[in-house]
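Okay, so here's the structure we're looking at.
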Amino acid sequence: MDRQDGYGGIAILVQENMPYSTMDINRQGLAQNTQVQGILLHSPNVAIINIYNPPDTRVTTASWRRLVNSLPKPVIITGDFNGHHPMWGCASSNLNGRTIVETLEDTRLIVLNDGTPTRLTPPNQNPSAVDLTLSSSDIASRTSWRVIKDSGMSDHFPILTYLNHDQPQQEPTTTKRRLFKKANWNQFHDKINEQLTDAIDSDYQSLFRIIEDAAEDTIPYAKNRINNRNPQPWWDEDCTQAVTERRNAIKRYTLDPTMNNYLHAKKTIAASRKTLRRKRKESFRKFCSSLNRNSSTSMIWQTIRRFTKNQATKPPTDLPSPSMAPLILDLLTPIDIEPDFTLEQEGTPEAPFRHNEYLAVLQHKKESAPGMDQVSYSMLAKLPIRASVMMVDIYNKYLQGHSIPSQWKNVLVYPFLKQEKNPELPQSYRPIALASCPGKVLESMIKNRVEWHIESEKLLPPLQFGFRRGKGCNDCIAYITSYIQLGYSRNEHTIATFLDIHAAYDNVDIYILYQKMESMGISSQLRNLIFQFLNNRNMYIKDRKGTIHGPKTTNKGLAQGSPLSPTLFNIYTADIGTNILRGVQLIQYADDLVLLSNGKSIPLLIQNMNSSLQELKEWLAEHKLTISPAKSSAILFKKKNSATNYAPILYNETPIPWKKQVKYLGVMLSHTLNWTDHVELINQKALKGINVMRAVCGIRWGADPSTLLMLYKGIVRPHLDYGTQFIKPCPKQTLAKLDKTQYQALRVITGCMRSTPTNVLLAECAEPSLEVRRNLLATKFILNIRSTENHPLAKILRALKPYCDRKEGYWRSRDTPYPIQAMNRTDAFPSLYCSQLPPCYEYELSHQLTPIPHINLNSTKADFLNNLDFSQMCEERYRNETWIYTDGSLERKQRKVGFGVYIPSIDYKFSSRLQKETQICTAEIIAINHAICVCLEKNITKAIIWVDSKSAIERISSTEIQASRDFISLRTKRLLLEAGENGTKITLGWIPGHFNIKGNQTADTLAKIGRDLNVPVDIKVDKKDILAIIREQIRDEWNGQWSTLLQNKGAAYRCLVTNFPKKPWFSTMPFKNRRHLTTIIRMRTGHCLTYKHLNRIGILDTPNCECGQVGDLTHIILECPINEIPGIDIYVELSKAGNPTPMSIYTILRNLNVQSTNILINFLNYNNVNL
């Protein structure tokens, strides 16, 4: 089809042997110069549409909807739309782009573009992606899309869209990979036990051979697949068993076709179908719950395609070519000249590693690909006790100076091409390193000790936020934004220089690092062991054909993927800001540096910045690091948007470019700090997540709402949340964009109509507004700040707060920032526990890594029904211990909390009241703490503390090192362990609550007495407990706002829901069919395809039903004579299902149960009513 202006046209070329037919296109409303053509393929049955829309030609919403709705489905639409939108990689949006995005929900189309530019643009122009590919949602999971970066004689790149029709052929793989899911772990355990003898010394190679031999016999390798079907991600042994039984039953019937065999076969087929559906659903839900904002969109698409049985033809891998792999290996293995260097052998000896340390590290290791030795974390976790004790003995030999195994220094690198990078350049690849898991376990044990030492001794600078417990990206972003806002409040400008250290980890000098560790007081044994891991590492690299290149040895830099590397880099750069000019702040997150300075004179600020950069340059040169000026940037933050030519900021005589915006730790900062760019960025990412959600559901097919809600919380909401607790002041219309995206996602989840009120949408999904979430996130962040004394951000916020509270000057007409609002909210809690360090660094590391074993009587609670049974069961077994009962009590309405302790043998009874903010689990732990103190005071040497709170015991026993650990559980754990070390054996016992156990009932009564006492004991309250109180306050405030909104929007919904729900009603409903749930949801919202509603939104001319009455929900279901099931009275059936009389559609929908839902759906299906 030629264009009228003579500049080409559009065409669809079809292979000779592929059957197809041409199509007539509905062009109504399209511009004359917009070209459209289409064909209908017969096998596969899919429509292909080609479109060219010239620049400056508007495609109206109505004409686009009309065109798409007239096309047969499924359909793939492709072409040059000249429509711009960030959703498919454009820098901005235009009317055509917004039209397409706004109608995606109605037209049920999926954008296949992944953000890659589709047009060759000059370097001074933004990347362009005007060539779009859209597909029907039901075939999107069978497609694969990519751009070929060779435009030929055009300025548009070719686009390849694959549609899976036949089962794809798999390329053979030669890599041996163990199938740990099919491992026989009991046999693995026993074989190693058999091989271990007293004669075997604590030698790693001997133990490694035993593990390797046991694995060969008990852990199978994955078979090479050539032209075989891909295994489903949800398939397991139960599925295999179900299919085997089904095949055997069918075979049995075929050989002996009796009625019994037929019925058995039918029953087995049904059971097999049920098992496979259940496994697939459970696995998909598990997959959805594992997603977060860092999950790769491509990985999600790939997994969805596997779940939907649609593995599109695999595009070429991102691994390098065989010729490129050696060049990348050379880049990764720089050689440093080894100085005259001797390892230190003197100094205070390091305490040997303990078995508890080893188990604690393994417990919190997630399974990942093993190194070249093929020993995985799961294999280490399944070792028998004798073998794991031997492993710790081996580790201690290396601590004493023995050489670590050579295989621990072998690292296999998979270099993956970075997005939109040139595959012909070695630096375009991101290395993913696979190292030995036994070695990484030892590194993690070293890391725990080193990190605890440098943090507890306060050896790192306060503005170093990267890879430190209790600190993170939010601290950096909050510090920078608050610093800028404080400058605005004082009528000052702020200069921020964002610096990129070139290949920071790869260029660390390990000899300088060794000296820095020595200066920080890290023992010589740990230093020497760390040096062994870093020196003379052997690097291998894998190319796209599976060939492994190497080894090449390097003695420079930190190891990629090592648990130790981030901590070592923090040590290496701990004094980086020592000589920075006073008045200039240096904020560090790993290798991202920011220099900040504010003042009234711009020339003076630039001068100070240049002086600081000169000092920084000298420090970097001494440490063999350098800044890349081209990748760095400087921004001048001013209240007024006035363009000025500023003097250059120089690094090594090279100017750092001035910019109006910069992306820092995933947040877009613009020179006016108005947050428009950041909202656009996160909104674009959220829309891609919604695109994924659409691929697994329609209004009446696909995943159930509960699963989609998990998917929303994993890949959409985190983007909408990221950094938004710091974006006030922000224009309301900018924040409204995020709200609009949230509502769009909730409509995908629920299948609701576009006319559904947004406050009703939120309630049906039990999702509060984003404003509520921003307040909650800010509060959680501020509680972390206020629970640490002398946090560097606290000083900035305290200086900023008076300006915001007075509403003068800059803040006269601007909203108060969320962190300041959170400070005002947390001011009401003077009982907040505050310490100089996070509690995990206040208490000994050895105590934190020691588990607390406990007696679990809940597992045998069916064996006893009363106090007599409990006494008979336990008295014989624990007759030599003193029995102690503890309990906590909470009265929610008046917020009264207490605890009680009861010791029957000495008739000891104690009650106490706690601070009103204390949560019930914390009260239980305080009761245990008091009981331990009583044992020590009264010289009770053997005791059992019976507790009915599992969570309290788990919090005390936890071996995870976290900044969020509460101080009271750590204090109680230390007290318990120290008591044992001093000869007082105290055991915790978990008993069932409310089982008429006399001692437990007495402790419960004492706790209730305690909560009613007048004066609470003076124990500070942990930030988690206060956050729970504030969360309830924010929820109550939101409930009030939501109820007010309900007066005007969705008034009929008030008949169903009066308070904002804590969880969606459909979360408790068994899922059979998405259409069932979405139909009920639409009925509850009042916005469904009834005659009355269709008339109200202008689709029908009359609100009346075919019978002549007004066709609302009540009429259609309960009154219309046309709709009925012969011989069944729907009133009677609904009454049997538990619906009270007098009955109305509102009473039915308000008190939904499974029976009522089934009755309504069956009624609608029988009468062919589509709501």
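So you can find residues: chains in the structure tokens are A, B, ... in the order shown, residues in each start at 1, and ligands are numbered from 1 in order.
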
Write out as JSON, numbers by chain the residues lying within 12 Å of A:Asp907, counting only C-alpha atoms and excluding same-chain residues fewer than 6 positions away. {"A": [882, 883, 884, 885, 901, 999, 1002, 1003]}

Would you save the residues from that selection as a PDB file, in the first residue's frame, using C-alpha atoms?
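Resulting contents of out.pdb:
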ATOM      1  CA  THR A 882      11.496 -25.886  88.801  1.00  0.00           C
ATOM      2  CA  TRP A 883       8.412 -25.069  86.752  1.00  0.00           C
ATOM      3  CA  ILE A 884       7.796 -21.408  85.961  1.00  0.00           C
ATOM      4  CA  TYR A 885       4.800 -20.023  84.043  1.00  0.00           C
ATOM      5  CA  VAL A 901       5.120 -14.709  86.426  1.00  0.00           C
ATOM      6  CA  GLY A 999      -0.107 -22.785  85.986  1.00  0.00           C
ATOM      7  CA  THR A1002      -2.593 -18.429  86.966  1.00  0.00           C
ATOM      8  CA  ALA A1003       0.086 -16.594  84.973  1.00  0.00           C
TER       9      ALA A1003
END

I'd like the contact shell of A:Leu30 - 10 Å cut-off, only C-alpha atoms, skipping same-chain residues fewer than 2 positions apart - returned as a PDB file with C-alpha atoms, in the first residue's frame.
ATOM      1  CA  ASN A  26     -12.693  -0.348   9.634  1.00  0.00           C
ATOM      2  CA  ARG A  27     -11.080   3.047   8.970  1.00  0.00           C
ATOM      3  CA  GLN A  28     -13.876   5.143  10.481  1.00  0.00           C
ATOM      4  CA  GLN A  32      -6.769   9.970   5.430  1.00  0.00           C
ATOM      5  CA  ASN A  33      -2.979   9.654   5.440  1.00  0.00           C
ATOM      6  CA  THR A  34      -2.972   6.950   8.172  1.00  0.00           C
ATOM      7  CA  GLN A  35      -2.350   3.609   6.454  1.00  0.00           C
ATOM      8  CA  VAL A  36      -3.669   0.295   7.766  1.00  0.00           C
ATOM      9  CA  ASN A  53       0.676   6.897  11.145  1.00  0.00           C
ATOM     10  CA  THR A  57      -1.322  13.040  12.638  1.00  0.00           C
ATOM     11  CA  ARG A  58      -3.624  12.585  15.605  1.00  0.00           C
ATOM     12  CA  VAL A  59      -5.190   9.222  16.372  1.00  0.00           C
ATOM     13  CA  THR A  60      -8.294   9.870  18.468  1.00  0.00           C
ATOM     14  CA  ALA A  62     -12.617   6.795  19.724  1.00  0.00           C
ATOM     15  CA  SER A  63     -11.135   5.863  16.336  1.00  0.00           C
ATOM     16  CA  TRP A  64      -8.415   3.720  17.950  1.00  0.00           C
ATOM     17  CA  ARG A  66     -13.209   1.365  17.118  1.00  0.00           C
ATOM     18  CA  LEU A  67     -10.354   0.000  15.001  1.00  0.00           C
TER      19      LEU A  67
END

Surrounding residues of stretch 424-438 of chain A excluding itself and chain neighbours under 5 positions, 8 Å, only C-alpha atoms, as a list in words: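 Final neighbour list, sorted by chain and number: Met324, Leu327, Ile328, Leu331, Ala369, Pro370, Gly371, Met372, Asp373, Gln374, Val375, Ser376, Tyr377, Leu380, Gln407, Trp408, Lys409, Asn410, Val411, Leu412, Val413, Tyr414, Pro415, Phe416, Leu417, Lys418, Gln560, Gly561 and Ser562 of chain A.
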
Keeping C-alpha atoms for every residue in the selection just given, could you write it to a file as an mmCIF file, in the first residue's frame?
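Printed below is again21.cif as written:
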data_model
loop_
_atom_site.group_PDB
_atom_site.id
_atom_site.type_symbol
_atom_site.label_atom_id
_atom_site.label_comp_id
_atom_site.auth_asym_id
_atom_site.auth_seq_id
_atom_site.Cartn_x
_atom_site.Cartn_y
_atom_site.Cartn_z
ATOM 1 C CA MET A 324 34.960 -11.793 22.870
ATOM 2 C CA LEU A 327 39.003 -10.057 25.963
ATOM 3 C CA ILE A 328 36.527 -9.825 28.853
ATOM 4 C CA LEU A 331 39.675 -6.980 31.533
ATOM 5 C CA ALA A 369 24.269 -21.913 41.669
ATOM 6 C CA PRO A 370 27.356 -23.727 43.027
ATOM 7 C CA GLY A 371 30.918 -22.995 41.968
ATOM 8 C CA MET A 372 33.110 -25.132 39.745
ATOM 9 C CA ASP A 373 33.434 -27.753 42.515
ATOM 10 C CA GLN A 374 29.638 -28.385 42.274
ATOM 11 C CA VAL A 375 29.177 -28.315 46.077
ATOM 12 C CA SER A 376 25.975 -26.415 46.860
ATOM 13 C CA TYR A 377 24.606 -24.798 50.014
ATOM 14 C CA LEU A 380 26.396 -28.457 53.099
ATOM 15 C CA GLN A 407 39.394 -24.899 44.234
ATOM 16 C CA TRP A 408 38.139 -22.089 46.490
ATOM 17 C CA LYS A 409 40.169 -19.674 44.379
ATOM 18 C CA ASN A 410 38.588 -20.846 41.119
ATOM 19 C CA VAL A 411 35.849 -18.492 39.958
ATOM 20 C CA LEU A 412 33.642 -19.117 36.911
ATOM 21 C CA VAL A 413 32.305 -15.912 35.353
ATOM 22 C CA TYR A 414 29.149 -15.601 33.266
ATOM 23 C CA PRO A 415 29.375 -12.197 31.532
ATOM 24 C CA PHE A 416 25.929 -10.902 30.536
ATOM 25 C CA LEU A 417 25.490 -8.045 28.096
ATOM 26 C CA LYS A 418 24.276 -4.861 29.763
ATOM 27 C CA GLN A 560 33.000 -10.476 42.315
ATOM 28 C CA GLY A 561 30.091 -12.046 44.200
ATOM 29 C CA SER A 562 32.014 -12.514 47.429
#

Can you list, as a PyMOL selection string, all residues belonging to stretch 590-742 of chain A that DSSP tags as helix (DSSP H, G or I)? chain A and resi 602-622+629-631+676-695+705-715+717-721+724-726+732-742

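Of note, atom CA of A:Gln1041 and atom CA of A:Leu761 are spaced 14.9 Å apart.
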
Long-range neighbours of stretch 1083-1098 of chain A as a VMD selection string, 9 Å cut-off, only C-alpha atoms, 6 positions minimum in chain: chain A and resid 752 to 757 760 to 761 764 1050 1052 to 1053 1056 1104 to 1105 1110 to 1113 1116 1146 1149 to 1150 1170 to 1171
